[in-house]
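See below for protein-v7.pdb, which holds PDB, C-alpha atoms.
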```
MODEL        1
ATOM      1  CA  ASP A   1      22.595  15.104 -27.399  1.00  0.00           C
ATOM      2  CA  GLY A   2      23.028  12.040 -29.561  1.00  0.00           C
ATOM      3  CA  GLY A   3      24.925  12.403 -32.768  1.00  0.00           C
ATOM      4  CA  ILE A   4      27.993  11.770 -34.849  1.00  0.00           C
ATOM      5  CA  THR A   5      31.203  13.623 -34.092  1.00  0.00           C
ATOM      6  CA  GLN A   6      33.897  13.952 -36.700  1.00  0.00           C
ATOM      7  CA  SER A   7      37.325  15.384 -36.030  1.00  0.00           C
ATOM      8  CA  PRO A   8      39.255  17.301 -36.975  1.00  0.00           C
ATOM      9  CA  LYS A   9      37.147  19.731 -38.989  1.00  0.00           C
ATOM     10  CA  TYR A  10      40.116  20.641 -41.181  1.00  0.00           C
ATOM     11  CA  LEU A  11      43.146  18.486 -41.884  1.00  0.00           C
ATOM     12  CA  PHE A  12      46.230  19.103 -43.959  1.00  0.00           C
ATOM     13  CA  ARG A  13      48.304  16.241 -45.297  1.00  0.00           C
ATOM     14  CA  LYS A  14      51.745  16.297 -46.764  1.00  0.00           C
ATOM     15  CA  GLU A  15      52.635  14.136 -49.719  1.00  0.00           C
ATOM     16  CA  GLY A  16      53.391  10.566 -48.643  1.00  0.00           C
ATOM     17  CA  GLN A  17      51.810  10.940 -45.231  1.00  0.00           C
ATOM     18  CA  ASN A  18      49.050   8.793 -43.704  1.00  0.00           C
ATOM     19  CA  VAL A  19      46.334  10.616 -41.804  1.00  0.00           C
ATOM     20  CA  THR A  20      43.414   9.328 -39.726  1.00  0.00           C
ATOM     21  CA  LEU A  21      39.972  10.880 -39.587  1.00  0.00           C
ATOM     22  CA  SER A  22      37.937  10.249 -36.469  1.00  0.00           C
ATOM     23  CA  CYS A  23      34.246   9.343 -36.391  1.00  0.00           C
ATOM     24  CA  GLU A  24      32.436   8.697 -33.097  1.00  0.00           C
ATOM     25  CA  GLN A  25      28.711   8.128 -32.529  1.00  0.00           C
ATOM     26  CA  ASN A  26      26.595   7.841 -29.385  1.00  0.00           C
ATOM     27  CA  LEU A  27      23.422   6.791 -31.187  1.00  0.00           C
ATOM     28  CA  ASN A  28      23.936   3.076 -30.549  1.00  0.00           C
ATOM     29  CA  HIS A  29      23.729   2.445 -34.299  1.00  0.00           C
ATOM     30  CA  ASP A  30      25.242  -0.720 -35.698  1.00  0.00           C
ATOM     31  CA  ALA A  31      25.933   0.446 -39.248  1.00  0.00           C
ATOM     32  CA  MET A  32      28.364   3.214 -40.106  1.00  0.00           C
ATOM     33  CA  TYR A  33      29.571   4.593 -43.430  1.00  0.00           C
ATOM     34  CA  TRP A  34      32.335   6.744 -44.873  1.00  0.00           C
ATOM     35  CA  TYR A  35      31.701   8.893 -47.939  1.00  0.00           C
ATOM     36  CA  ARG A  36      33.829  11.272 -49.911  1.00  0.00           C
ATOM     37  CA  GLN A  37      32.471  14.393 -51.619  1.00  0.00           C
ATOM     38  CA  ASP A  38      34.263  16.235 -54.392  1.00  0.00           C
ATOM     39  CA  PRO A  39      33.029  19.522 -55.897  1.00  0.00           C
ATOM     40  CA  GLY A  40      30.277  18.961 -58.445  1.00  0.00           C
ATOM     41  CA  GLN A  41      30.052  15.263 -57.660  1.00  0.00           C
ATOM     42  CA  GLY A  42      27.779  13.193 -55.522  1.00  0.00           C
ATOM     43  CA  LEU A  43      28.896  11.434 -52.391  1.00  0.00           C
ATOM     44  CA  ARG A  44      30.877   8.285 -53.098  1.00  0.00           C
ATOM     45  CA  LEU A  45      31.055   5.362 -50.689  1.00  0.00           C
ATOM     46  CA  ILE A  46      34.512   4.476 -49.363  1.00  0.00           C
ATOM     47  CA  TYR A  47      33.880   1.851 -46.659  1.00  0.00           C
ATOM     48  CA  TYR A  48      31.034   0.718 -44.481  1.00  0.00           C
ATOM     49  CA  SER A  49      30.586  -1.443 -41.422  1.00  0.00           C
ATOM     50  CA  GLN A  50      27.408  -3.133 -40.273  1.00  0.00           C
ATOM     51  CA  ILE A  51      28.810  -4.665 -37.099  1.00  0.00           C
ATOM     52  CA  VAL A  52      31.825  -4.478 -34.831  1.00  0.00           C
ATOM     53  CA  ASN A  53      34.973  -6.138 -36.206  1.00  0.00           C
ATOM     54  CA  ASP A  54      33.533  -6.313 -39.714  1.00  0.00           C
ATOM     55  CA  PHE A  55      33.637  -3.874 -42.623  1.00  0.00           C
ATOM     56  CA  GLN A  56      33.276  -3.904 -46.395  1.00  0.00           C
ATOM     57  CA  LYS A  57      34.779  -1.931 -49.239  1.00  0.00           C
ATOM     58  CA  GLY A  58      32.632   0.584 -50.991  1.00  0.00           C
ATOM     59  CA  ASP A  59      33.022   1.927 -54.501  1.00  0.00           C
ATOM     60  CA  ILE A  60      36.307   3.802 -54.014  1.00  0.00           C
ATOM     61  CA  ALA A  61      38.180   1.945 -51.228  1.00  0.00           C
ATOM     62  CA  GLU A  62      41.633   2.031 -52.834  1.00  0.00           C
ATOM     63  CA  GLY A  63      44.073   4.087 -50.763  1.00  0.00           C
ATOM     64  CA  TYR A  64      41.881   3.993 -47.653  1.00  0.00           C
ATOM     65  CA  SER A  65      41.633   1.742 -44.611  1.00  0.00           C
ATOM     66  CA  VAL A  66      39.238   1.493 -41.681  1.00  0.00           C
ATOM     67  CA  SER A  67      38.778  -0.344 -38.411  1.00  0.00           C
ATOM     68  CA  ARG A  68      35.737  -1.087 -36.261  1.00  0.00           C
ATOM     69  CA  GLU A  69      36.943  -2.210 -32.868  1.00  0.00           C
ATOM     70  CA  LYS A  70      34.099  -0.516 -30.990  1.00  0.00           C
ATOM     71  CA  LYS A  71      30.502   0.101 -31.919  1.00  0.00           C
ATOM     72  CA  GLU A  72      30.929   3.814 -31.281  1.00  0.00           C
ATOM     73  CA  SER A  73      34.024   4.373 -33.408  1.00  0.00           C
ATOM     74  CA  PHE A  74      34.778   4.009 -37.121  1.00  0.00           C
ATOM     75  CA  PRO A  75      38.051   5.785 -37.991  1.00  0.00           C
ATOM     76  CA  LEU A  76      39.201   6.233 -41.575  1.00  0.00           C
ATOM     77  CA  THR A  77      42.876   6.286 -42.544  1.00  0.00           C
ATOM     78  CA  VAL A  78      43.856   7.996 -45.760  1.00  0.00           C
ATOM     79  CA  THR A  79      47.089   6.351 -46.825  1.00  0.00           C
ATOM     80  CA  SER A  80      49.855   7.609 -49.070  1.00  0.00           C
ATOM     81  CA  ALA A  81      48.482   5.281 -51.750  1.00  0.00           C
ATOM     82  CA  GLN A  82      45.483   7.599 -52.189  1.00  0.00           C
ATOM     83  CA  LYS A  83      46.730   9.853 -54.966  1.00  0.00           C
ATOM     84  CA  ASN A  84      44.023  12.498 -54.850  1.00  0.00           C
ATOM     85  CA  PRO A  85      42.841  12.740 -51.229  1.00  0.00           C
ATOM     86  CA  THR A  86      41.740  16.374 -51.207  1.00  0.00           C
ATOM     87  CA  ALA A  87      38.004  16.193 -50.524  1.00  0.00           C
ATOM     88  CA  PHE A  88      35.253  16.580 -47.935  1.00  0.00           C
ATOM     89  CA  TYR A  89      34.876  13.372 -45.915  1.00  0.00           C
ATOM     90  CA  LEU A  90      31.575  12.473 -44.317  1.00  0.00           C
ATOM     91  CA  CYS A  91      30.817   9.795 -41.759  1.00  0.00           C
ATOM     92  CA  ALA A  92      27.262   8.577 -41.343  1.00  0.00           C
ATOM     93  CA  SER A  93      25.169   6.094 -39.442  1.00  0.00           C
ATOM     94  CA  ILE A  94      21.792   4.728 -40.402  1.00  0.00           C
ATOM     95  CA  THR A  95      18.414   5.350 -38.819  1.00  0.00           C
ATOM     96  CA  SER A  96      15.015   4.078 -39.861  1.00  0.00           C
ATOM     97  CA  TYR A  97      14.662   7.176 -41.996  1.00  0.00           C
ATOM     98  CA  GLY A  98      18.054   7.349 -43.690  1.00  0.00           C
ATOM     99  CA  TYR A  99      21.508   8.557 -42.860  1.00  0.00           C
ATOM    100  CA  THR A 100      22.561  10.904 -40.112  1.00  0.00           C
ATOM    101  CA  PHE A 101      25.813  12.607 -41.072  1.00  0.00           C
ATOM    102  CA  GLY A 102      28.608  14.021 -38.994  1.00  0.00           C
ATOM    103  CA  SER A 103      29.776  17.563 -39.659  1.00  0.00           C
ATOM    104  CA  GLY A 104      32.578  16.357 -41.947  1.00  0.00           C
ATOM    105  CA  THR A 105      36.342  16.682 -42.260  1.00  0.00           C
ATOM    106  CA  ARG A 106      37.860  18.750 -45.032  1.00  0.00           C
ATOM    107  CA  LEU A 107      41.178  17.221 -46.043  1.00  0.00           C
ATOM    108  CA  THR A 108      43.699  19.149 -48.111  1.00  0.00           C
ATOM    109  CA  VAL A 109      47.027  17.962 -49.484  1.00  0.00           C
ATOM    110  CA  VAL A 110      49.779  20.554 -49.083  1.00  0.00           C
TER
ATOM    111  CA  GLN B   1      24.916   5.608 -67.117  1.00  0.00           C
ATOM    112  CA  LYS B   2      25.123   7.102 -63.643  1.00  0.00           C
ATOM    113  CA  GLU B   3      23.104   5.376 -60.956  1.00  0.00           C
ATOM    114  CA  VAL B   4      21.423   8.609 -59.867  1.00  0.00           C
ATOM    115  CA  GLU B   5      21.135  11.667 -62.089  1.00  0.00           C
ATOM    116  CA  GLN B   6      20.046  15.170 -61.236  1.00  0.00           C
ATOM    117  CA  ASN B   7      20.080  18.457 -63.107  1.00  0.00           C
ATOM    118  CA  SER B   8      22.998  20.357 -61.612  1.00  0.00           C
ATOM    119  CA  GLY B   9      21.312  23.728 -61.933  1.00  0.00           C
ATOM    120  CA  PRO B  10      21.619  26.296 -60.743  1.00  0.00           C
ATOM    121  CA  LEU B  11      17.894  26.626 -60.354  1.00  0.00           C
ATOM    122  CA  SER B  12      16.900  30.191 -59.588  1.00  0.00           C
ATOM    123  CA  VAL B  13      13.396  30.894 -58.306  1.00  0.00           C
ATOM    124  CA  PRO B  14      11.790  34.036 -56.857  1.00  0.00           C
ATOM    125  CA  GLU B  15      10.789  34.078 -53.223  1.00  0.00           C
ATOM    126  CA  GLY B  16       7.353  32.554 -52.748  1.00  0.00           C
ATOM    127  CA  ALA B  17       7.505  30.466 -55.918  1.00  0.00           C
ATOM    128  CA  ILE B  18       7.630  26.677 -56.287  1.00  0.00           C
ATOM    129  CA  ALA B  19      11.013  25.053 -56.870  1.00  0.00           C
ATOM    130  CA  SER B  20      10.858  21.722 -58.706  1.00  0.00           C
ATOM    131  CA  LEU B  21      13.782  19.323 -58.544  1.00  0.00           C
ATOM    132  CA  ASN B  22      14.061  16.116 -60.529  1.00  0.00           C
ATOM    133  CA  CYS B  23      15.994  12.892 -60.086  1.00  0.00           C
ATOM    134  CA  THR B  24      16.181   9.688 -62.122  1.00  0.00           C
ATOM    135  CA  TYR B  25      17.759   6.405 -61.091  1.00  0.00           C
ATOM    136  CA  SER B  26      18.939   3.366 -62.995  1.00  0.00           C
ATOM    137  CA  ASP B  27      18.342   0.430 -60.628  1.00  0.00           C
ATOM    138  CA  ARG B  28      14.749  -0.672 -61.076  1.00  0.00           C
ATOM    139  CA  GLY B  29      14.967  -2.680 -57.833  1.00  0.00           C
ATOM    140  CA  SER B  30      15.569   0.385 -55.658  1.00  0.00           C
ATOM    141  CA  GLN B  31      13.082   0.607 -52.823  1.00  0.00           C
ATOM    142  CA  SER B  32      13.721   3.753 -50.835  1.00  0.00           C
ATOM    143  CA  PHE B  33      14.537   7.293 -51.822  1.00  0.00           C
ATOM    144  CA  PHE B  34      15.813  10.294 -49.938  1.00  0.00           C
ATOM    145  CA  TRP B  35      16.232  14.017 -50.390  1.00  0.00           C
ATOM    146  CA  TYR B  36      18.993  15.802 -48.519  1.00  0.00           C
ATOM    147  CA  ARG B  37      19.670  19.516 -48.248  1.00  0.00           C
ATOM    148  CA  GLN B  38      23.276  20.676 -48.049  1.00  0.00           C
ATOM    149  CA  TYR B  39      24.292  24.223 -47.264  1.00  0.00           C
ATOM    150  CA  SER B  40      27.665  25.365 -48.542  1.00  0.00           C
ATOM    151  CA  GLY B  41      30.472  23.924 -46.431  1.00  0.00           C
ATOM    152  CA  LYS B  42      28.094  21.858 -44.288  1.00  0.00           C
ATOM    153  CA  SER B  43      27.085  18.215 -44.182  1.00  0.00           C
ATOM    154  CA  PRO B  44      23.844  16.971 -45.755  1.00  0.00           C
ATOM    155  CA  GLU B  45      20.666  16.897 -43.682  1.00  0.00           C
ATOM    156  CA  LEU B  46      17.683  14.697 -44.437  1.00  0.00           C
ATOM    157  CA  ILE B  47      14.518  16.551 -45.426  1.00  0.00           C
ATOM    158  CA  MET B  48      12.336  13.850 -47.001  1.00  0.00           C
ATOM    159  CA  PHE B  49      12.194  10.139 -47.621  1.00  0.00           C
ATOM    160  CA  ILE B  50       9.711   8.182 -49.702  1.00  0.00           C
ATOM    161  CA  TYR B  51       9.149   4.491 -50.255  1.00  0.00           C
ATOM    162  CA  SER B  52       5.831   4.190 -52.100  1.00  0.00           C
ATOM    163  CA  ASN B  53       4.611   5.486 -55.433  1.00  0.00           C
ATOM    164  CA  GLY B  54       2.754   8.745 -55.210  1.00  0.00           C
ATOM    165  CA  ASP B  55       3.173  11.931 -53.243  1.00  0.00           C
ATOM    166  CA  LYS B  56       4.390  12.537 -49.716  1.00  0.00           C
ATOM    167  CA  GLU B  57       4.013  15.949 -48.134  1.00  0.00           C
ATOM    168  CA  ASP B  58       5.856  17.419 -45.164  1.00  0.00           C
ATOM    169  CA  GLY B  59       5.273  21.099 -44.576  1.00  0.00           C
ATOM    170  CA  ARG B  60       6.397  23.034 -47.644  1.00  0.00           C
ATOM    171  CA  PHE B  61       8.086  19.984 -49.153  1.00  0.00           C
ATOM    172  CA  THR B  62       6.474  17.328 -51.355  1.00  0.00           C
ATOM    173  CA  ALA B  63       8.304  14.272 -52.635  1.00  0.00           C
ATOM    174  CA  GLN B  64       6.890  12.421 -55.638  1.00  0.00           C
ATOM    175  CA  LEU B  65       7.876   8.894 -56.654  1.00  0.00           C
ATOM    176  CA  ASN B  66       7.143   7.026 -59.867  1.00  0.00           C
ATOM    177  CA  LYS B  67       8.911   3.660 -59.799  1.00  0.00           C
ATOM    178  CA  ALA B  68       7.691   2.685 -63.266  1.00  0.00           C
ATOM    179  CA  SER B  69       9.433   5.730 -64.723  1.00  0.00           C
ATOM    180  CA  GLN B  70      12.297   5.484 -62.217  1.00  0.00           C
ATOM    181  CA  TYR B  71      11.761   9.076 -61.285  1.00  0.00           C
ATOM    182  CA  VAL B  72      11.623  10.933 -57.995  1.00  0.00           C
ATOM    183  CA  SER B  73      11.068  14.640 -57.541  1.00  0.00           C
ATOM    184  CA  LEU B  74      10.986  17.258 -54.810  1.00  0.00           C
ATOM    185  CA  LEU B  75       8.756  20.305 -54.783  1.00  0.00           C
ATOM    186  CA  ILE B  76       9.482  23.221 -52.482  1.00  0.00           C
ATOM    187  CA  ARG B  77       6.457  25.469 -52.113  1.00  0.00           C
ATOM    188  CA  ASP B  78       6.574  29.091 -50.981  1.00  0.00           C
ATOM    189  CA  SER B  79      10.353  29.104 -51.468  1.00  0.00           C
ATOM    190  CA  GLN B  80      12.326  31.152 -48.943  1.00  0.00           C
ATOM    191  CA  PRO B  81      15.868  32.534 -49.145  1.00  0.00           C
ATOM    192  CA  SER B  82      16.790  29.981 -46.455  1.00  0.00           C
ATOM    193  CA  ASP B  83      15.972  27.236 -48.974  1.00  0.00           C
ATOM    194  CA  SER B  84      19.001  28.305 -51.035  1.00  0.00           C
ATOM    195  CA  ALA B  85      21.199  25.203 -50.909  1.00  0.00           C
ATOM    196  CA  THR B  86      22.214  22.141 -52.866  1.00  0.00           C
ATOM    197  CA  TYR B  87      19.658  19.320 -52.831  1.00  0.00           C
ATOM    198  CA  LEU B  88      20.934  15.769 -53.081  1.00  0.00           C
ATOM    199  CA  CYS B  89      18.838  12.858 -54.265  1.00  0.00           C
ATOM    200  CA  ALA B  90      19.824   9.473 -52.800  1.00  0.00           C
ATOM    201  CA  VAL B  91      18.669   5.967 -53.597  1.00  0.00           C
ATOM    202  CA  ASN B  92      19.031   2.876 -51.439  1.00  0.00           C
ATOM    203  CA  ARG B  93      20.861   0.144 -53.295  1.00  0.00           C
ATOM    204  CA  GLY B  94      19.982  -2.787 -51.101  1.00  0.00           C
ATOM    205  CA  ASN B  95      19.437  -4.261 -47.679  1.00  0.00           C
ATOM    206  CA  ASP B  96      22.734  -2.952 -46.316  1.00  0.00           C
ATOM    207  CA  TYR B  97      21.630   0.636 -46.866  1.00  0.00           C
ATOM    208  CA  LYS B  98      24.361   1.691 -49.210  1.00  0.00           C
ATOM    209  CA  LEU B  99      23.039   4.888 -50.700  1.00  0.00           C
ATOM    210  CA  SER B 100      23.878   6.176 -54.159  1.00  0.00           C
ATOM    211  CA  PHE B 101      23.822   9.942 -54.439  1.00  0.00           C
ATOM    212  CA  GLY B 102      23.230  12.266 -57.314  1.00  0.00           C
ATOM    213  CA  ALA B 103      25.566  15.212 -57.846  1.00  0.00           C
ATOM    214  CA  GLY B 104      22.964  17.604 -56.479  1.00  0.00           C
ATOM    215  CA  THR B 105      20.889  20.510 -57.747  1.00  0.00           C
ATOM    216  CA  THR B 106      21.822  23.969 -56.536  1.00  0.00           C
ATOM    217  CA  VAL B 107      18.808  26.128 -55.743  1.00  0.00           C
ATOM    218  CA  THR B 108      18.951  29.892 -55.333  1.00  0.00           C
ATOM    219  CA  VAL B 109      15.891  31.710 -54.009  1.00  0.00           C
ATOM    220  CA  ARG B 110      16.047  35.383 -54.896  1.00  0.00           C
ATOM    221  CA  ALA B 111      14.280  37.911 -52.693  1.00  0.00           C
TER
ENDMDL
END
```
With the file now loaded, output its structure as structure tokens.
Amino acid sequence: DGGITQSPKYLFRKEGQNVTLSCEQNLNHDAMYWYRQDPGQGLRLIYYSQIVNDFQKGDIAEGYSVSREKKESFPLTVTSAQKNPTAFYLCASITSYGYTFGSGTRLTVV
Amino acid sequence: QKEVEQNSGPLSVPEGAIASLNCTYSDRGSQSFFWYRQYSGKSPELIMFIYSNGDKEDGRFTAQLNKASQYVSLLIRDSQPSDSATYLCAVNRGNDYKLSFGAGTTVTVRA
């Protein structure tokens, strides 16, 4: 089945540590997006990529980094510069009818 | 002013009733609009999209768009307990399909 796979489902980060969230898709979509969701807030755009080897900052890119070396993969690194990383992270790709989301990664700082 | 605003709820409706959800947006140039359903702890899933003024029906769901008033709504007819979820309104900001999301309206359907 085609879809977006995010891993891990749960991730715990220590203070000062960088962590990488995986996002893989087999839908052959060009554009991919990373969003963050906090309780009681809408999804906020972190980074997006419309083509391999190119990506743009979203509304809240500070403390995050991405790469797009392959069409299928769009990993997100949460760096130690992100002061409040605890959130639900969602990866998405675009279809003619809107986004398809992965199942998400819940990141918690311990 | 937030780009997309929704009443946070919770909206409680009896089983079989109509649930009405509202959404307003600030960018008058927005062209496409989406409603997502999100169950607790899960990722959002698309239930409706609408591009043109007027109504669009899909099963028990009807989306209504009024671009002049910058208003989009979702009606859920014959509400079922399985409709209990948070409903997110999203608006396309431009050609690169960056979506702006509202904070969501939580709907509870009581049996």
If you measure from atom CA of B:Phe33 to atom CA of B:Lys56, what distance in Å do you get, rounded to one decimal?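 Taking atom CA of B:Phe33 as the start and atom CA of B:Lys56 as the end point, the length is 11.6 Å.
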Please write the residues picked by the PyMOL selection byres ((chain B and resi 24) around 8) on this file as a list of chain:residue names.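 The output of the PyMOL selection byres ((chain B and resi 24) around 8) on this file is B:Val4, B:Glu5, B:Gln6, B:Asn22, B:Cys23, B:Tyr25, B:Ser26, B:Gln70, B:Tyr71, B:Val72.
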Hey, which bits of chain B sit within 8 Å of chain A, and for each residue what's the closest pair of atoms and how far apart in Å (one decimal), counting all atoms listed in the file, rows by chain and increasing number, as a tab-separated table?
```
residue	atom	partner	partner_atom	distance
B:Phe34	CA	A:Gly98	CA	7.3
B:Lys42	CA	A:Ser103	CA	6.5
B:Ser43	CA	A:Ser103	CA	5.3
B:Pro44	CA	A:Phe101	CA	6.7
B:Glu45	CA	A:Phe101	CA	7.2
B:Leu46	CA	A:Gly98	CA	7.4
B:Phe49	CA	A:Tyr97	CA	6.8
B:Leu88	CA	A:Gly42	CA	7.7
B:Asp96	CA	A:Gln50	CA	7.6
B:Tyr97	CA	A:Ile94	CA	7.7
B:Lys98	CA	A:Leu45	CA	7.8
B:Ser100	CA	A:Arg44	CA	7.4
B:Phe101	CA	A:Gly42	CA	5.2
B:Gly102	CA	A:Gly42	CA	5.0
B:Ala103	CA	A:Gly42	CA	3.8
B:Gly104	CA	A:Gly42	CA	6.6
```
When the PyMOL selection byres ((chain B and resi 58-65) around 8) is applied to the file above, which residues end up in the set, as a list of chain:residue names?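 Residues picked by the PyMOL selection byres ((chain B and resi 58-65) around 8): B:Met48, B:Phe49, B:Ile50, B:Tyr51, B:Ser52, B:Asn53, B:Gly54, B:Asp55, B:Lys56, B:Glu57, B:Asn66, B:Lys67, B:Gln70, B:Tyr71, B:Val72, B:Ser73, B:Leu74, B:Leu75, B:Ile76, B:Arg77, B:Asp78.
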Using only C-alpha atoms: which of A:Ala92, A:Ile46, A:Val78, A:Ile51 has the shortest distance to A:Val19: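 Closest to A:Val19, using only C-alpha atoms: A:Val78.
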Selection result for the PyMOL selection byres ((chain B and resi 12) around 7) on this file, as a VMD selection string: chain B and resid 10 to 11 13 to 14 107 to 109
Under the rule that all atoms listed in the file are counted, which of A:Ile4, A:Pro85, A:Glu62, A:Leu107 is the nearest residue to A:His29? A:Ile4
Of the residues B:Ser69, B:Gln80, B:Arg37, B:Thr106, which is the one nearest to B:Ala17, using only C-alpha atoms?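 Among the listed residues, B:Gln80 lies closest to B:Ala17.
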Separation of atom CA of B:Trp35 and atom CA of B:Ala111, in Å? 24.1 Å
Could you work out how far atom CA of A:Thr5 lies from atom CA of A:Val52, giving the answer in Å with one decimal?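 Computing it gives 18.1 Å between the two atoms.
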Selection: 8 Å around A:Leu21, all atoms listed in the file, excl. self and same-chain fewer than 4 positions, as a ChimeraX atom specification: /A:6-8,75-78,105
B:Ser20, B:Tyr39, B:Glu3, B:Gly9 ranked by distance to B:Ala90, top pick (using only C-alpha atoms):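 Under the stated criterion, the closest residue is B:Glu3.
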All heavy atoms of stretch 58-65 of chain A, written as a PDB file, in the first residue's frame:
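File written: part01.pdb
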```pdb
ATOM      1  N   GLY A  58       9.576  27.071   6.833  1.00  0.00           N
ATOM      2  CA  GLY A  58       8.190  27.404   7.079  1.00  0.00           C
ATOM      3  C   GLY A  58       8.102  28.509   8.120  1.00  0.00           C
ATOM      4  O   GLY A  58       8.998  29.349   8.233  1.00  0.00           O
ATOM      5  N   ASP A  59       7.047  28.484   8.902  1.00  0.00           N
ATOM      6  CA  ASP A  59       6.793  29.557   9.852  1.00  0.00           C
ATOM      7  C   ASP A  59       7.600  29.450  11.140  1.00  0.00           C
ATOM      8  O   ASP A  59       7.823  30.442  11.833  1.00  0.00           O
ATOM      9  CB  ASP A  59       5.304  29.583  10.203  1.00  0.00           C
ATOM     10  CG  ASP A  59       4.436  29.759   8.970  1.00  0.00           C
ATOM     11  OD1 ASP A  59       4.775  30.619   8.127  1.00  0.00           O
ATOM     12  OD2 ASP A  59       3.450  29.030   8.824  1.00  0.00           O
ATOM     13  N   ILE A  60       8.037  28.226  11.479  1.00  0.00           N
ATOM     14  CA  ILE A  60       8.715  28.021  12.766  1.00  0.00           C
ATOM     15  C   ILE A  60       9.968  27.164  12.582  1.00  0.00           C
ATOM     16  O   ILE A  60      10.184  26.194  13.288  1.00  0.00           O
ATOM     17  CB  ILE A  60       7.763  27.384  13.805  1.00  0.00           C
ATOM     18  CG1 ILE A  60       7.154  26.071  13.285  1.00  0.00           C
ATOM     19  CG2 ILE A  60       6.652  28.350  14.190  1.00  0.00           C
ATOM     20  CD1 ILE A  60       6.512  25.229  14.362  1.00  0.00           C
ATOM     21  N   ALA A  61      10.838  27.517  11.648  1.00  0.00           N
ATOM     22  CA  ALA A  61      11.997  26.694  11.285  1.00  0.00           C
ATOM     23  C   ALA A  61      13.137  26.745  12.307  1.00  0.00           C
ATOM     24  O   ALA A  61      14.014  25.866  12.298  1.00  0.00           O
ATOM     25  CB  ALA A  61      12.507  27.112   9.925  1.00  0.00           C
ATOM     26  N   GLU A  62      13.166  27.738  13.153  1.00  0.00           N
ATOM     27  CA  GLU A  62      14.296  27.887  14.077  1.00  0.00           C
ATOM     28  C   GLU A  62      14.440  26.673  14.993  1.00  0.00           C
ATOM     29  O   GLU A  62      13.486  26.246  15.633  1.00  0.00           O
ATOM     30  CB  GLU A  62      14.137  29.148  14.934  1.00  0.00           C
ATOM     31  CG  GLU A  62      15.335  29.430  15.819  1.00  0.00           C
ATOM     32  CD  GLU A  62      15.234  30.752  16.540  1.00  0.00           C
ATOM     33  OE1 GLU A  62      14.288  31.515  16.271  1.00  0.00           O
ATOM     34  OE2 GLU A  62      16.101  31.013  17.396  1.00  0.00           O
ATOM     35  N   GLY A  63      15.669  26.122  15.046  1.00  0.00           N
ATOM     36  CA  GLY A  63      15.916  24.958  15.885  1.00  0.00           C
ATOM     37  C   GLY A  63      15.687  23.633  15.180  1.00  0.00           C
ATOM     38  O   GLY A  63      15.833  22.577  15.789  1.00  0.00           O
ATOM     39  N   TYR A  64      15.346  23.702  13.907  1.00  0.00           N
ATOM     40  CA  TYR A  64      15.106  22.487  13.105  1.00  0.00           C
ATOM     41  C   TYR A  64      15.976  22.506  11.851  1.00  0.00           C
ATOM     42  O   TYR A  64      16.377  23.567  11.387  1.00  0.00           O
ATOM     43  CB  TYR A  64      13.648  22.401  12.669  1.00  0.00           C
ATOM     44  CG  TYR A  64      12.641  22.333  13.780  1.00  0.00           C
ATOM     45  CD1 TYR A  64      11.977  23.483  14.209  1.00  0.00           C
ATOM     46  CD2 TYR A  64      12.340  21.128  14.394  1.00  0.00           C
ATOM     47  CE1 TYR A  64      11.040  23.432  15.225  1.00  0.00           C
ATOM     48  CE2 TYR A  64      11.400  21.060  15.419  1.00  0.00           C
ATOM     49  CZ  TYR A  64      10.762  22.218  15.831  1.00  0.00           C
ATOM     50  OH  TYR A  64       9.832  22.164  16.841  1.00  0.00           O
ATOM     51  N   SER A  65      16.264  21.315  11.319  1.00  0.00           N
ATOM     52  CA  SER A  65      16.919  21.224  10.024  1.00  0.00           C
ATOM     53  C   SER A  65      16.365  20.031   9.277  1.00  0.00           C
ATOM     54  O   SER A  65      15.828  19.098   9.873  1.00  0.00           O
ATOM     55  CB  SER A  65      18.446  21.101  10.176  1.00  0.00           C
ATOM     56  OG  SER A  65      18.783  19.876  10.807  1.00  0.00           O
TER      57      SER A  65
END
```
